[in-house]
>>> print(open('structure24.cif').read())   # mmCIF, C-alpha atoms
data_protein
#
loop_
_atom_site.label_atom_id
_atom_site.label_comp_id
_atom_site.auth_asym_id
_atom_site.auth_seq_id
_atom_site.Cartn_x
_atom_site.Cartn_y
_atom_site.Cartn_z
CA MET A 108 237.95 51.34 162.35
CA ALA A 109 235.42 52.39 159.76
CA LEU A 110 232.01 51.07 158.98
CA LEU A 111 231.81 49.96 155.33
CA GLY A 112 234.48 52.01 153.66
CA HIS A 113 236.12 55.37 153.51
CA GLU A 114 236.03 58.37 151.17
CA GLY A 115 238.68 60.97 150.56
CA GLY A 116 239.91 63.38 147.97
CA VAL A 117 242.42 66.05 147.16
CA GLU A 118 243.04 68.76 144.58
CA PHE A 119 246.19 68.87 142.49
CA PRO A 120 247.49 71.96 140.62
CA TYR A 121 247.77 70.10 137.31
CA PRO A 122 245.59 69.62 134.21
CA ARG A 123 243.00 66.81 134.35
CA ASP A 124 244.72 64.59 131.78
CA ASP A 125 248.04 64.77 133.64
CA VAL A 126 246.35 63.82 136.91
CA PHE A 127 244.40 60.97 135.27
CA ASP A 128 247.59 59.57 133.70
CA ALA A 129 249.44 59.92 137.02
CA LEU A 130 246.64 58.03 138.78
CA LEU A 131 246.92 55.12 136.34
CA GLU A 132 250.68 55.05 136.79
CA ALA A 133 250.47 55.33 140.58
CA ILE A 134 247.94 52.58 141.35
CA PRO A 135 250.20 49.63 140.42
CA THR A 136 252.94 51.07 142.64
CA VAL A 137 250.70 50.70 145.69
CA SER A 138 251.30 47.28 147.20
CA GLY A 139 248.46 44.87 146.45
CA MET A 140 246.49 47.22 144.18
CA LYS A 141 245.54 46.66 140.58
CA VAL A 142 243.59 48.75 138.04
CA ARG A 143 240.39 47.02 136.94
CA THR A 144 238.89 49.61 134.60
CA ALA A 145 239.80 53.11 133.43
CA ASP A 146 237.76 55.54 131.32
CA LYS A 147 239.62 58.77 130.57
CA LEU A 148 236.62 60.41 128.94
CA SER A 149 234.45 60.11 132.06
CA GLY A 150 237.44 60.39 134.41
CA THR A 151 236.65 57.18 136.29
CA VAL A 152 238.98 54.45 137.48
CA SER A 153 238.22 51.34 139.47
CA ALA A 154 240.82 49.25 141.22
CA ARG A 155 240.94 46.37 143.64
CA ALA A 156 243.11 45.65 146.63
CA ARG A 157 243.99 42.08 147.37
CA VAL A 158 243.10 40.09 150.45
CA SER A 159 245.23 40.87 153.51
CA LEU A 160 245.30 40.07 157.20
CA ALA A 161 243.08 43.11 157.80
CA SER A 162 240.43 42.41 155.14
CA TRP A 163 239.02 40.23 152.39
CA GLY A 164 240.07 42.88 149.86
CA GLU A 165 238.61 46.17 148.76
CA ASN A 166 237.01 47.76 145.73
CA ILE A 167 238.32 51.26 145.11
CA THR A 168 236.53 53.72 142.84
CA MET A 169 238.06 57.03 141.78
CA SER A 170 236.87 60.03 139.85
CA VAL A 171 239.08 62.70 138.32
CA VAL A 172 237.36 66.05 137.77
CA ALA A 173 238.79 69.27 136.32
CA ILE A 174 237.98 72.25 138.51
CA SER A 175 239.85 74.60 136.17
CA SER A 176 242.49 74.20 133.47
CA MET A 177 245.22 73.87 136.12
CA LEU A 178 243.31 72.41 139.08
CA THR A 179 242.03 68.84 139.25
CA ARG A 180 240.31 66.93 142.04
CA ILE A 181 240.54 63.18 142.69
CA ASP A 182 237.79 61.63 144.82
CA ILE A 183 238.32 58.08 146.09
CA VAL A 184 236.01 55.59 147.77
CA SER A 185 237.43 52.37 149.22
CA ARG A 186 234.92 49.71 150.31
CA PRO A 187 235.35 46.10 151.43
CA LYS A 188 234.54 43.49 148.78
CA THR A 189 232.40 41.53 151.25
CA GLY A 190 230.05 44.34 152.33
CA LEU A 191 228.63 43.58 155.78
CA PHE A 192 229.22 39.85 155.41
CA LEU A 193 232.38 37.99 156.44
CA GLY A 194 233.64 40.79 158.67
CA GLY A 195 233.43 43.56 156.06
CA ALA A 196 231.78 45.96 158.50
CA PHE A 197 235.10 46.67 160.23
CA ASP A 198 238.18 47.19 158.11
CA LEU A 199 240.78 47.87 160.82
CA GLY A 200 241.66 51.12 159.02
CA LYS A 201 242.50 49.42 155.70
CA ASN A 202 240.13 51.58 153.63
CA VAL A 203 241.56 54.81 155.06
CA ARG A 204 245.07 53.58 154.26
CA ASN A 205 243.99 52.67 150.71
CA VAL A 206 242.77 56.21 150.06
CA ASP A 207 245.88 57.78 151.61
CA ARG A 208 248.30 55.47 149.78
CA VAL A 209 246.73 56.14 146.37
CA LEU A 210 246.75 59.92 146.88
CA GLU A 211 250.36 59.84 148.09
CA ALA A 212 251.42 57.75 145.09
CA VAL A 213 249.70 60.16 142.67
CA ALA A 214 251.44 63.11 144.33
CA LEU A 215 254.82 61.38 143.94
CA VAL A 216 254.24 60.73 140.23
CA LEU A 217 253.10 64.32 139.61
CA ASP A 218 256.03 65.78 141.58
CA ARG A 219 258.50 63.58 139.71
CA ASP A 220 257.03 64.55 136.34
CA ALA A 221 256.99 68.26 137.24
CA GLY A 222 260.65 68.02 138.22
CA ALA A 223 261.49 66.31 134.93
CA ARG A 224 259.69 69.04 132.97
CA HIS A 225 261.58 71.71 134.92
CA VAL A 226 264.99 70.08 134.35
CA SER A 227 264.33 69.61 130.63
CA LEU A 228 263.25 73.24 130.18
CA TRP A 229 266.76 74.34 129.23
CA ALA A 230 267.89 71.09 127.64
CA GLU A 231 266.76 72.35 124.27
CA ASP A 232 268.86 74.71 122.18
CA SER A 233 266.64 77.78 122.47
CA THR A 234 266.93 81.53 122.25
CA ALA A 235 266.54 83.86 125.22
CA ALA A 236 263.13 84.94 123.92
CA GLU A 237 261.96 81.31 123.76
CA ARG A 238 263.20 80.70 127.31
CA ILE A 239 261.37 83.78 128.57
CA GLU A 240 258.19 82.59 126.87
CA LYS A 241 258.54 79.15 128.49
CA LEU A 242 259.05 80.74 131.90
CA LYS A 243 255.93 82.85 131.35
CA GLU A 244 253.91 79.73 130.46
CA LEU A 245 255.17 77.93 133.57
CA GLY A 246 254.31 80.97 135.68
CA ASP A 247 250.80 81.04 134.22
CA LYS A 248 250.44 77.39 135.18
CA GLY A 249 251.75 78.05 138.68
CA LEU A 250 254.79 75.80 138.19
CA THR A 251 257.58 78.31 138.87
#
>>> encode(input="structure24.cif", output="C-alpha coordinates")
Amino acid sequence: MALLGHEGGVEFPYPRDDVFDALLEAIPTVSGMKVRTADKLSGTVSARARVSLASWGENITMSVVAISSMLTRIDIVSRPKTGLFLGGAFDLGKNVRNVDRVLEAVALVLDRDAGARHVSLWAEDSTAAERIEKLKELGDKGLT
(Lines of atoms letter the chains of each structure in order from A and count residues from 1; the text may use other names and numbers.)
(Lines give C-alpha, C1' and ligand atoms only; values in the text may rest on other atoms or scores of the structure.)
Protein backbone atom coordinates (compact mmCIF):
# COMPACT_ATOMS: atom_id res chain seq x y z
CA MET A 1 0.00 0.00 0.00
CA ALA A 2 1.26 3.45 -0.87
CA LEU A 3 0.51 6.78 0.65
CA LEU A 4 -0.86 9.17 -2.00
CA GLY A 5 0.53 7.79 -5.20
CA HIS A 6 3.50 6.22 -6.84
CA GLU A 7 6.26 7.36 -9.20
CA GLY A 8 8.28 5.33 -11.64
CA GLY A 9 10.19 5.61 -14.84
CA VAL A 10 12.29 3.79 -17.37
CA GLU A 11 14.61 4.53 -20.28
CA PHE A 12 13.97 3.19 -23.76
CA PRO A 13 16.60 2.93 -26.54
CA TYR A 14 14.44 4.80 -29.05
CA PRO A 15 14.09 8.41 -30.26
CA ARG A 16 11.82 10.69 -28.20
CA ASP A 17 9.10 11.01 -30.85
CA ASP A 18 8.85 7.23 -31.24
CA VAL A 19 8.51 6.79 -27.48
CA PHE A 20 5.92 9.60 -27.22
CA ASP A 21 3.84 8.06 -30.03
CA ALA A 22 4.13 4.60 -28.44
CA LEU A 23 2.94 6.02 -25.12
CA LEU A 24 -0.17 7.51 -26.74
CA GLU A 25 -0.87 4.21 -28.48
CA ALA A 26 -0.24 2.15 -25.34
CA ILE A 27 -2.40 4.01 -22.81
CA PRO A 28 -5.79 3.01 -24.32
CA THR A 29 -4.67 -0.64 -24.32
CA VAL A 30 -4.36 -0.56 -20.52
CA SER A 31 -7.69 -1.59 -19.04
CA GLY A 32 -9.61 1.36 -17.64
CA MET A 33 -7.15 4.06 -18.78
CA LYS A 34 -7.84 6.97 -21.06
CA VAL A 35 -5.67 9.82 -22.38
CA ARG A 36 -6.88 13.21 -21.18
CA THR A 37 -4.27 15.53 -22.69
CA ALA A 38 -1.12 15.14 -24.75
CA ASP A 39 1.45 17.77 -25.74
CA LYS A 40 4.21 16.40 -27.95
CA LEU A 41 6.22 19.61 -27.87
CA SER A 42 6.58 19.58 -24.08
CA GLY A 43 6.53 15.78 -23.91
CA THR A 44 3.69 15.63 -21.38
CA VAL A 45 0.70 13.32 -21.25
CA SER A 46 -2.04 13.08 -18.66
CA ALA A 47 -4.41 10.16 -18.34
CA ARG A 48 -7.04 8.93 -15.95
CA ALA A 49 -7.87 5.52 -14.63
CA ARG A 50 -11.46 4.72 -13.89
CA VAL A 51 -12.98 3.84 -10.56
CA SER A 52 -12.33 0.27 -9.41
CA LEU A 53 -12.81 -1.86 -6.32
CA ALA A 54 -9.38 -0.70 -5.12
CA SER A 55 -9.82 3.05 -5.67
CA TRP A 56 -11.94 5.99 -6.73
CA GLY A 57 -9.76 6.36 -9.82
CA GLU A 58 -6.36 7.86 -10.47
CA ASN A 59 -4.78 10.77 -12.30
CA ILE A 60 -1.64 9.73 -14.15
CA THR A 61 0.89 12.25 -15.41
CA MET A 62 3.76 11.31 -17.70
CA SER A 63 6.75 13.11 -19.12
CA VAL A 64 8.84 11.95 -22.07
CA VAL A 65 12.38 13.34 -22.13
CA ALA A 66 15.15 12.72 -24.67
CA ILE A 67 18.41 11.81 -22.97
CA SER A 68 20.17 11.43 -26.32
CA SER A 69 19.08 10.90 -29.91
CA MET A 70 18.48 7.19 -29.24
CA LEU A 71 17.66 7.15 -25.52
CA THR A 72 14.41 8.44 -24.04
CA ARG A 73 13.08 8.39 -20.48
CA ILE A 74 9.43 8.19 -19.43
CA ASP A 75 8.59 9.32 -15.90
CA ILE A 76 5.13 8.50 -14.55
CA VAL A 77 3.25 9.63 -11.45
CA SER A 78 -0.04 7.95 -10.51
CA ARG A 79 -2.10 9.60 -7.77
CA PRO A 80 -5.62 8.95 -6.46
CA LYS A 81 -8.26 11.40 -7.70
CA THR A 82 -9.58 11.88 -4.16
CA GLY A 83 -6.31 12.88 -2.45
CA LEU A 84 -6.50 12.10 1.26
CA PHE A 85 -10.29 12.20 1.29
CA LEU A 86 -12.59 9.22 0.67
CA GLY A 87 -9.88 6.64 1.28
CA GLY A 88 -7.35 8.05 -1.20
CA ALA A 89 -4.49 7.74 1.29
CA PHE A 90 -4.25 3.99 0.70
CA ASP A 91 -4.47 2.68 -2.84
CA LEU A 92 -4.04 -1.07 -2.22
CA GLY A 93 -1.17 -1.04 -4.74
CA LYS A 94 -3.28 0.37 -7.60
CA ASN A 95 -0.91 3.28 -8.33
CA VAL A 96 2.12 0.98 -8.53
CA ARG A 97 0.21 -1.27 -10.94
CA ASN A 98 -0.79 1.75 -13.05
CA VAL A 99 2.84 2.77 -13.51
CA ASP A 100 3.95 -0.79 -14.27
CA ARG A 101 1.09 -1.46 -16.70
CA VAL A 102 1.74 1.72 -18.70
CA LEU A 103 5.48 1.05 -18.95
CA GLU A 104 4.86 -2.57 -19.99
CA ALA A 105 2.36 -1.47 -22.65
CA VAL A 106 4.81 1.09 -24.06
CA ALA A 107 7.55 -1.57 -24.21
CA LEU A 108 5.21 -3.91 -26.12
CA VAL A 109 4.35 -1.21 -28.68
CA LEU A 110 8.02 -0.28 -29.17
CA ASP A 111 9.09 -3.93 -29.48
CA ARG A 112 6.33 -4.63 -31.99
CA ASP A 113 7.26 -1.58 -34.06
CA ALA A 114 10.98 -2.43 -33.96
CA GLY A 115 10.17 -5.93 -35.18
CA ALA A 116 8.05 -4.54 -38.01
CA ARG A 117 10.88 -2.20 -39.07
CA HIS A 118 13.32 -5.12 -39.02
CA VAL A 119 11.07 -7.39 -41.10
CA SER A 120 10.40 -4.65 -43.66
CA LEU A 121 14.12 -3.86 -44.05
CA TRP A 122 14.48 -6.26 -46.98
CA ALA A 123 10.95 -5.93 -48.33
CA GLU A 124 12.10 -3.18 -50.65
CA ASP A 125 13.85 -3.89 -53.93
CA SER A 126 17.28 -2.57 -52.98
CA THR A 127 20.88 -3.03 -53.98
CA ALA A 128 23.50 -4.67 -51.77
CA ALA A 129 25.05 -1.26 -51.10
CA GLU A 130 21.69 0.13 -49.93
CA ARG A 131 21.19 -2.88 -47.65
CA ILE A 132 24.64 -2.43 -46.14
CA GLU A 133 23.90 1.24 -45.53
CA LYS A 134 20.61 0.35 -43.82
CA LEU A 135 22.36 -2.19 -41.62
CA LYS A 136 24.95 0.44 -40.68
CA GLU A 137 22.17 2.89 -39.73
CA LEU A 138 20.46 0.24 -37.59
CA GLY A 139 23.77 -0.59 -35.94
CA ASP A 140 24.34 3.09 -35.17
CA LYS A 141 20.92 3.18 -33.54
CA GLY A 142 21.64 0.02 -31.57
CA LEU A 143 18.84 -1.93 -33.28
CA THR A 144 20.86 -4.82 -34.73
>>> residues_around(input="structure24.cif", residues="Thr151 (chain A)", least_positions_apart="2", cutoff="6 Å", atoms="all atoms listed in the file", output="PyMOL selection string")
chain A and resi 145-146+149+169-170
>>> resolve_selection(input="structure24.cif", expression="the PyMOL selection byres ((chain A and resi 212) around 9)", output="PyMOL selection string")
chain A and resi 129-130+132-134+136-137+207-211+213-217
>>> write_last_selection(input="structure24.cif", atoms="C-alpha atoms", output="PDB file, in the frame of the given file")
ATOM      1  CA  ALA A 129     249.440  59.920 137.020  1.00  0.00           C
ATOM      2  CA  LEU A 130     246.640  58.030 138.780  1.00  0.00           C
ATOM      3  CA  GLU A 132     250.680  55.050 136.790  1.00  0.00           C
ATOM      4  CA  ALA A 133     250.470  55.330 140.580  1.00  0.00           C
ATOM      5  CA  ILE A 134     247.940  52.580 141.350  1.00  0.00           C
ATOM      6  CA  THR A 136     252.940  51.070 142.640  1.00  0.00           C
ATOM      7  CA  VAL A 137     250.700  50.700 145.690  1.00  0.00           C
ATOM      8  CA  ASP A 207     245.880  57.780 151.610  1.00  0.00           C
ATOM      9  CA  ARG A 208     248.300  55.470 149.780  1.00  0.00           C
ATOM     10  CA  VAL A 209     246.730  56.140 146.370  1.00  0.00           C
ATOM     11  CA  LEU A 210     246.750  59.920 146.880  1.00  0.00           C
ATOM     12  CA  GLU A 211     250.360  59.840 148.090  1.00  0.00           C
ATOM     13  CA  VAL A 213     249.700  60.160 142.670  1.00  0.00           C
ATOM     14  CA  ALA A 214     251.440  63.110 144.330  1.00  0.00           C
ATOM     15  CA  LEU A 215     254.820  61.380 143.940  1.00  0.00           C
ATOM     16  CA  VAL A 216     254.240  60.730 140.230  1.00  0.00           C
ATOM     17  CA  LEU A 217     253.100  64.320 139.610  1.00  0.00           C
TER      18      LEU A 217
END
>>> residues_around(input="structure24.cif", residues="Thr168 (chain A)", least_positions_apart="2", cutoff="6 Å", atoms="only C-alpha atoms", output="ChimeraX atom specification")
/A:152-153,183-184
>>> resolve_selection(input="structure24.cif", expression="the PyMOL selection byres ((chain A and resi 154) around 10)", output="list in words")
Leu131, Ile134, Pro135, Met140, Lys141, Val142, Arg143, Thr144, Ala145, Val152, Ser153, Arg155, Ala156, Arg157, Glu165, Asn166, Ile167, Thr168, Met169 and Ser185 of chain A
>>> write_last_selection(input="structure24.cif", atoms="C-alpha atoms", output="PDB file, in the frame of the given file")
ATOM      1  CA  LEU A 131     246.920  55.120 136.340  1.00  0.00           C
ATOM      2  CA  ILE A 134     247.940  52.580 141.350  1.00  0.00           C
ATOM      3  CA  PRO A 135     250.200  49.630 140.420  1.00  0.00           C
ATOM      4  CA  MET A 140     246.490  47.220 144.180  1.00  0.00           C
ATOM      5  CA  LYS A 141     245.540  46.660 140.580  1.00  0.00           C
ATOM      6  CA  VAL A 142     243.590  48.750 138.040  1.00  0.00           C
ATOM      7  CA  ARG A 143     240.390  47.020 136.940  1.00  0.00           C
ATOM      8  CA  THR A 144     238.890  49.610 134.600  1.00  0.00           C
ATOM      9  CA  ALA A 145     239.800  53.110 133.430  1.00  0.00           C
ATOM     10  CA  VAL A 152     238.980  54.450 137.480  1.00  0.00           C
ATOM     11  CA  SER A 153     238.220  51.340 139.470  1.00  0.00           C
ATOM     12  CA  ARG A 155     240.940  46.370 143.640  1.00  0.00           C
ATOM     13  CA  ALA A 156     243.110  45.650 146.630  1.00  0.00           C
ATOM     14  CA  ARG A 157     243.990  42.080 147.370  1.00  0.00           C
ATOM     15  CA  GLU A 165     238.610  46.170 148.760  1.00  0.00           C
ATOM     16  CA  ASN A 166     237.010  47.760 145.730  1.00  0.00           C
ATOM     17  CA  ILE A 167     238.320  51.260 145.110  1.00  0.00           C
ATOM     18  CA  THR A 168     236.530  53.720 142.840  1.00  0.00           C
ATOM     19  CA  MET A 169     238.060  57.030 141.780  1.00  0.00           C
ATOM     20  CA  SER A 185     237.430  52.370 149.220  1.00  0.00           C
TER      21      SER A 185
END
>>> resolve_selection(input="structure24.cif", expression="the PyMOL selection byres ((chain A and resi 177) around 8)", output="list in words")
Pro120, Tyr121, Pro122, Arg123, Ala173, Ile174, Ser175, Ser176, Leu178, Thr179 and Lys248 of chain A
>>> atom_distance(input="structure24.cif", atom1="CA of Arg204 (chain A)", atom2="CA of Glu114 (chain A)")
10.7 Å
>>> atom_distance(input="structure24.cif", atom1="CA of His113 (chain A)", atom2="CA of Asn205 (chain A)")
8.8 Å
>>> closest_residue(input="structure24.cif", among="A:Leu245, A:Val203, A:Val171, A:Gly150", to="Ala221 (chain A)", atoms="only C-alpha atoms")
A:Leu245
>>> axis_aligned_box(input="structure24.cif", around="region 142-150 of chain A", padding_each_side="4 Å", output="lines of an AutoDock Vina configuration file")
center_x = 239.0
center_y = 53.7
center_z = 133.5
size_x = 17.1
size_y = 21.4
size_z = 17.1
>>> atom_distance(input="structure24.cif", atom1="CA of Glu244 (chain A)", atom2="CA of Asp182 (chain A)")
28.2 Å
>>> closest_residue(input="structure24.cif", among="A:Arg219, A:Arg186, A:Arg180, A:Lys241", to="Gly116 (chain A)", atoms="all atoms listed in the file")
A:Arg180
>>> closest_residue(input="structure24.cif", among="A:Gly164, A:Asp125, A:Pro187, A:Leu242", to="Lys147 (chain A)", atoms="only C-alpha atoms")
A:Asp125
